[in-house]
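Data block for start_16.cif (mmCIF, C-alpha atoms; chains and numbers go by the auth columns):
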```cif
data_upload
#
loop_
_atom_site.group_PDB
_atom_site.id
_atom_site.type_symbol
_atom_site.label_atom_id
_atom_site.label_comp_id
_atom_site.label_asym_id
_atom_site.label_seq_id
_atom_site.Cartn_x
_atom_site.Cartn_y
_atom_site.Cartn_z
_atom_site.B_iso_or_equiv
_atom_site.auth_seq_id
_atom_site.auth_asym_id
ATOM 1 C CA MET A 1 51.498 -29.063 21.887 0.00 4 A
ATOM 2 C CA ARG A 2 51.786 -28.420 25.585 0.00 5 A
ATOM 3 C CA GLU A 3 52.985 -31.267 27.764 0.00 6 A
ATOM 4 C CA GLY A 4 50.031 -31.088 30.193 0.00 7 A
ATOM 5 C CA SER A 5 47.322 -30.903 27.519 0.00 8 A
ATOM 6 C CA THR A 6 47.144 -34.679 26.901 0.00 9 A
ATOM 7 C CA SER A 7 46.659 -35.360 30.593 0.00 10 A
ATOM 8 C CA GLU A 8 44.110 -32.556 30.799 0.00 11 A
ATOM 9 C CA ASN A 9 42.201 -33.916 27.788 0.00 12 A
ATOM 10 C CA THR A 10 42.160 -37.395 29.326 0.00 13 A
ATOM 11 C CA GLN A 11 40.776 -36.014 32.586 0.00 14 A
ATOM 12 C CA ASN A 12 38.103 -34.021 30.728 0.00 15 A
ATOM 13 C CA ALA A 13 37.107 -37.122 28.763 0.00 16 A
ATOM 14 C CA LYS A 14 36.765 -39.136 31.987 0.00 17 A
ATOM 15 C CA GLU A 15 34.630 -36.422 33.578 0.00 18 A
ATOM 16 C CA ASN A 16 32.383 -36.203 30.504 0.00 19 A
ATOM 17 C CA THR A 17 31.983 -39.998 30.448 0.00 20 A
ATOM 18 C CA GLN A 18 30.976 -39.976 34.131 0.00 21 A
ATOM 19 C CA LYS A 19 28.462 -37.163 33.539 0.00 22 A
ATOM 20 C CA THR A 20 26.978 -39.091 30.613 0.00 23 A
ATOM 21 C CA ARG A 21 26.620 -42.240 32.772 0.00 24 A
ATOM 22 C CA GLU A 22 24.988 -40.265 35.595 0.00 25 A
ATOM 23 C CA HIS A 23 22.555 -38.679 33.154 0.00 26 A
ATOM 24 C CA ALA A 24 21.704 -42.068 31.653 0.00 27 A
ATOM 25 C CA MET A 25 21.096 -43.601 35.088 0.00 28 A
ATOM 26 C CA ASN A 26 18.901 -40.686 36.117 0.00 29 A
ATOM 27 C CA THR A 27 16.983 -40.910 32.848 0.00 30 A
ATOM 28 C CA THR A 28 16.461 -44.660 33.315 0.00 31 A
ATOM 29 C CA GLN A 29 15.254 -44.171 36.882 0.00 32 A
ATOM 30 C CA LYS A 30 12.898 -41.374 35.842 0.00 33 A
ATOM 31 C CA THR A 31 11.474 -43.377 32.940 0.00 34 A
ATOM 32 C CA SER A 32 10.882 -46.424 35.144 0.00 35 A
ATOM 33 C CA ALA A 33 9.310 -44.287 37.856 0.00 36 A
ATOM 34 C CA GLU A 34 6.941 -42.628 35.395 0.00 37 A
ATOM 35 C CA LYS A 35 6.032 -45.948 33.801 0.00 38 A
ATOM 36 C CA TYR A 36 5.523 -48.112 36.897 0.00 39 A
ATOM 37 C CA ALA A 37 4.501 -45.828 39.786 0.00 40 A
ATOM 38 C CA GLY A 38 0.912 -46.612 40.726 0.00 41 A
ATOM 39 C CA GLU A 39 0.932 -49.994 39.016 0.00 42 A
ATOM 40 C CA ILE A 40 -0.527 -53.070 40.678 0.00 43 A
ATOM 41 C CA CYS A 41 1.789 -56.038 41.275 0.00 44 A
ATOM 42 C CA THR A 42 2.269 -58.654 44.001 0.00 45 A
ATOM 43 C CA LEU A 43 4.577 -58.710 47.012 0.00 46 A
ATOM 44 C CA ASP A 44 5.120 -62.182 48.425 0.00 47 A
ATOM 45 C CA GLY A 45 1.926 -63.276 46.680 0.00 48 A
ATOM 46 C CA GLU A 46 -0.258 -60.441 48.052 0.00 49 A
ATOM 47 C CA PRO A 47 -1.704 -57.641 45.907 0.00 50 A
ATOM 48 C CA ALA A 48 0.579 -54.614 46.079 0.00 51 A
ATOM 49 C CA ARG A 49 1.184 -51.219 44.518 0.00 52 A
ATOM 50 C CA ILE A 50 4.368 -49.441 43.429 0.00 53 A
ATOM 51 C CA VAL A 51 4.745 -45.938 44.897 0.00 54 A
ATOM 52 C CA GLY A 52 7.397 -43.237 45.199 0.00 55 A
ATOM 53 C CA ARG A 53 7.545 -41.783 41.694 0.00 56 A
ATOM 54 C CA LEU A 54 9.548 -38.747 42.835 0.00 57 A
ATOM 55 C CA LEU A 55 11.934 -40.696 45.069 0.00 58 A
ATOM 56 C CA PRO A 56 15.262 -42.313 44.106 0.00 59 A
ATOM 57 C CA PHE A 57 13.918 -45.759 45.115 0.00 60 A
ATOM 58 C CA ALA A 58 10.506 -47.319 44.554 0.00 61 A
ATOM 59 C CA THR A 59 8.438 -48.650 47.419 0.00 62 A
ATOM 60 C CA VAL A 60 6.349 -51.745 46.833 0.00 63 A
ATOM 61 C CA ARG A 61 3.678 -52.016 49.516 0.00 64 A
ATOM 62 C CA THR A 62 0.843 -54.431 49.963 0.00 65 A
ATOM 63 C CA ILE A 63 -2.598 -52.972 49.436 0.00 66 A
ATOM 64 C CA ARG A 64 -4.007 -54.184 52.762 0.00 67 A
ATOM 65 C CA ASP A 65 -3.658 -51.716 55.646 0.00 68 A
ATOM 66 C CA GLY A 66 -0.589 -52.269 57.772 0.00 69 A
ATOM 67 C CA GLY A 67 0.952 -54.681 55.293 0.00 70 A
ATOM 68 C CA PRO A 68 4.662 -54.800 54.567 0.00 71 A
ATOM 69 C CA ALA A 69 6.510 -52.431 52.245 0.00 72 A
ATOM 70 C CA PHE A 70 9.970 -52.777 50.714 0.00 73 A
ATOM 71 C CA GLU A 71 12.216 -50.450 48.705 0.00 74 A
ATOM 72 C CA TYR A 72 13.664 -51.467 45.345 0.00 75 A
ATOM 73 C CA ALA A 73 15.842 -49.697 42.775 0.00 76 A
ATOM 74 C CA TRP A 74 13.760 -48.415 39.859 0.00 77 A
ATOM 75 C CA GLU A 75 15.808 -50.601 37.525 0.00 78 A
ATOM 76 C CA THR A 76 14.790 -53.639 39.590 0.00 79 A
ATOM 77 C CA VAL A 77 11.146 -52.564 39.445 0.00 80 A
ATOM 78 C CA ALA A 78 11.337 -52.369 35.651 0.00 81 A
ATOM 79 C CA ARG A 79 12.912 -55.833 35.408 0.00 82 A
ATOM 80 C CA VAL A 80 10.380 -57.445 37.773 0.00 83 A
ATOM 81 C CA MET A 81 7.403 -55.778 36.105 0.00 84 A
ATOM 82 C CA GLU A 82 8.591 -56.871 32.664 0.00 85 A
ATOM 83 C CA ASN A 83 8.689 -60.443 34.005 0.00 86 A
ATOM 84 C CA GLY A 84 5.266 -60.704 35.608 0.00 87 A
ATOM 85 C CA GLY A 85 5.306 -58.183 38.470 0.00 88 A
ATOM 86 C CA LYS A 86 5.920 -60.680 41.290 0.00 89 A
ATOM 87 C CA PHE A 87 8.100 -59.074 43.974 0.00 90 A
ATOM 88 C CA HIS A 88 9.655 -61.016 46.849 0.00 91 A
ATOM 89 C CA SER A 89 10.902 -59.579 50.117 0.00 92 A
#
```
Rewrite the coordinates I just gave you, this time as structure tokens.
Amino acid sequence: MREGSTSENTQNAKENTQKTREHAMNTTQKTSAEKYAGEICTLDGEPARIVGRLLPFATVRTIRDGGPAFEYAWETVARVMENGGKFHS
């Protein structure tokens, strides 16, 4: 066995673990985006909609013209929607 092979194997394992985590995060974001984009919710008690399906972060914006909009991680959107869909700025 070569002396450097153990260190090399450890480095490869770390890189593969990181790639797996990145893939899982991207898959989670994509799934949440596909599930919740376009859904109706509330933002500070006002009717709102979730937009930005193709973006790394969701935007929750009130339905009324000129109303506020805030960005949230897709994981946050999933958690809030699973608990009633009431966003707070």
Out of A:Lys17, A:Val54, A:Ile66, A:Phe73, which residue has the shortest atom-to-atom distance to A:Ala36 when counting all atoms listed in the file?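 Nearest candidate to A:Ala36 out of A:Lys17, A:Val54, A:Ile66, A:Phe73: A:Val54.
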Selection result for the PyMOL selection byres ((chain A and resi 56) around 10) on this file, as number ranges by chain: A: 32-41, 53-55, 57-62, 77
Given the selection you just returned, output its residues as a file containing C-alpha atoms, formatted as an mmCIF file, in the frame of the given file.
```
data_model
loop_
_atom_site.group_PDB
_atom_site.id
_atom_site.type_symbol
_atom_site.label_atom_id
_atom_site.label_comp_id
_atom_site.auth_asym_id
_atom_site.auth_seq_id
_atom_site.Cartn_x
_atom_site.Cartn_y
_atom_site.Cartn_z
ATOM 1 C CA GLN A 32 15.254 -44.171 36.882
ATOM 2 C CA LYS A 33 12.898 -41.374 35.842
ATOM 3 C CA THR A 34 11.474 -43.377 32.940
ATOM 4 C CA SER A 35 10.882 -46.424 35.144
ATOM 5 C CA ALA A 36 9.310 -44.287 37.856
ATOM 6 C CA GLU A 37 6.941 -42.628 35.395
ATOM 7 C CA LYS A 38 6.032 -45.948 33.801
ATOM 8 C CA TYR A 39 5.523 -48.112 36.897
ATOM 9 C CA ALA A 40 4.501 -45.828 39.786
ATOM 10 C CA GLY A 41 0.912 -46.612 40.726
ATOM 11 C CA ILE A 53 4.368 -49.441 43.429
ATOM 12 C CA VAL A 54 4.745 -45.938 44.897
ATOM 13 C CA GLY A 55 7.397 -43.237 45.199
ATOM 14 C CA LEU A 57 9.548 -38.747 42.835
ATOM 15 C CA LEU A 58 11.934 -40.696 45.069
ATOM 16 C CA PRO A 59 15.262 -42.313 44.106
ATOM 17 C CA PHE A 60 13.918 -45.759 45.115
ATOM 18 C CA ALA A 61 10.506 -47.319 44.554
ATOM 19 C CA THR A 62 8.438 -48.650 47.419
ATOM 20 C CA TRP A 77 13.760 -48.415 39.859
#
```
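Neighbours of A:Pro71 closer than or equal to 12 Å, with only C-alpha atoms counted and sequence neighbours fewer than 2 positions away skipped, come out as A:Thr45, A:Leu46, A:Asp47, A:Gly48, A:Glu49, A:Pro50, A:Ala51, A:Arg52, A:Thr62, A:Val63, A:Arg64, A:Thr65, A:Ile66, A:Arg67, A:Asp68, A:Gly69, A:Phe73, A:Glu74, A:Phe90, A:His91, A:Ser92.
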With C-alpha atoms retained, could you export that selection as a short mmCIF file (atom, residue, chain, number, x, y, z; two decimals), in the frame of the given file?
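This is the output file selection_35.cif:
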```cif
data_model
loop_
_atom_site.label_atom_id
_atom_site.label_comp_id
_atom_site.auth_asym_id
_atom_site.auth_seq_id
_atom_site.Cartn_x
_atom_site.Cartn_y
_atom_site.Cartn_z
CA THR A 45 2.27 -58.65 44.00
CA LEU A 46 4.58 -58.71 47.01
CA ASP A 47 5.12 -62.18 48.42
CA GLY A 48 1.93 -63.28 46.68
CA GLU A 49 -0.26 -60.44 48.05
CA PRO A 50 -1.70 -57.64 45.91
CA ALA A 51 0.58 -54.61 46.08
CA ARG A 52 1.18 -51.22 44.52
CA THR A 62 8.44 -48.65 47.42
CA VAL A 63 6.35 -51.74 46.83
CA ARG A 64 3.68 -52.02 49.52
CA THR A 65 0.84 -54.43 49.96
CA ILE A 66 -2.60 -52.97 49.44
CA ARG A 67 -4.01 -54.18 52.76
CA ASP A 68 -3.66 -51.72 55.65
CA GLY A 69 -0.59 -52.27 57.77
CA PHE A 73 9.97 -52.78 50.71
CA GLU A 74 12.22 -50.45 48.70
CA PHE A 90 8.10 -59.07 43.97
CA HIS A 91 9.65 -61.02 46.85
CA SER A 92 10.90 -59.58 50.12
#
```
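Interatomic distance, atom CA of A:Ala72 against atom CA of A:Met84: 16.5 Å.
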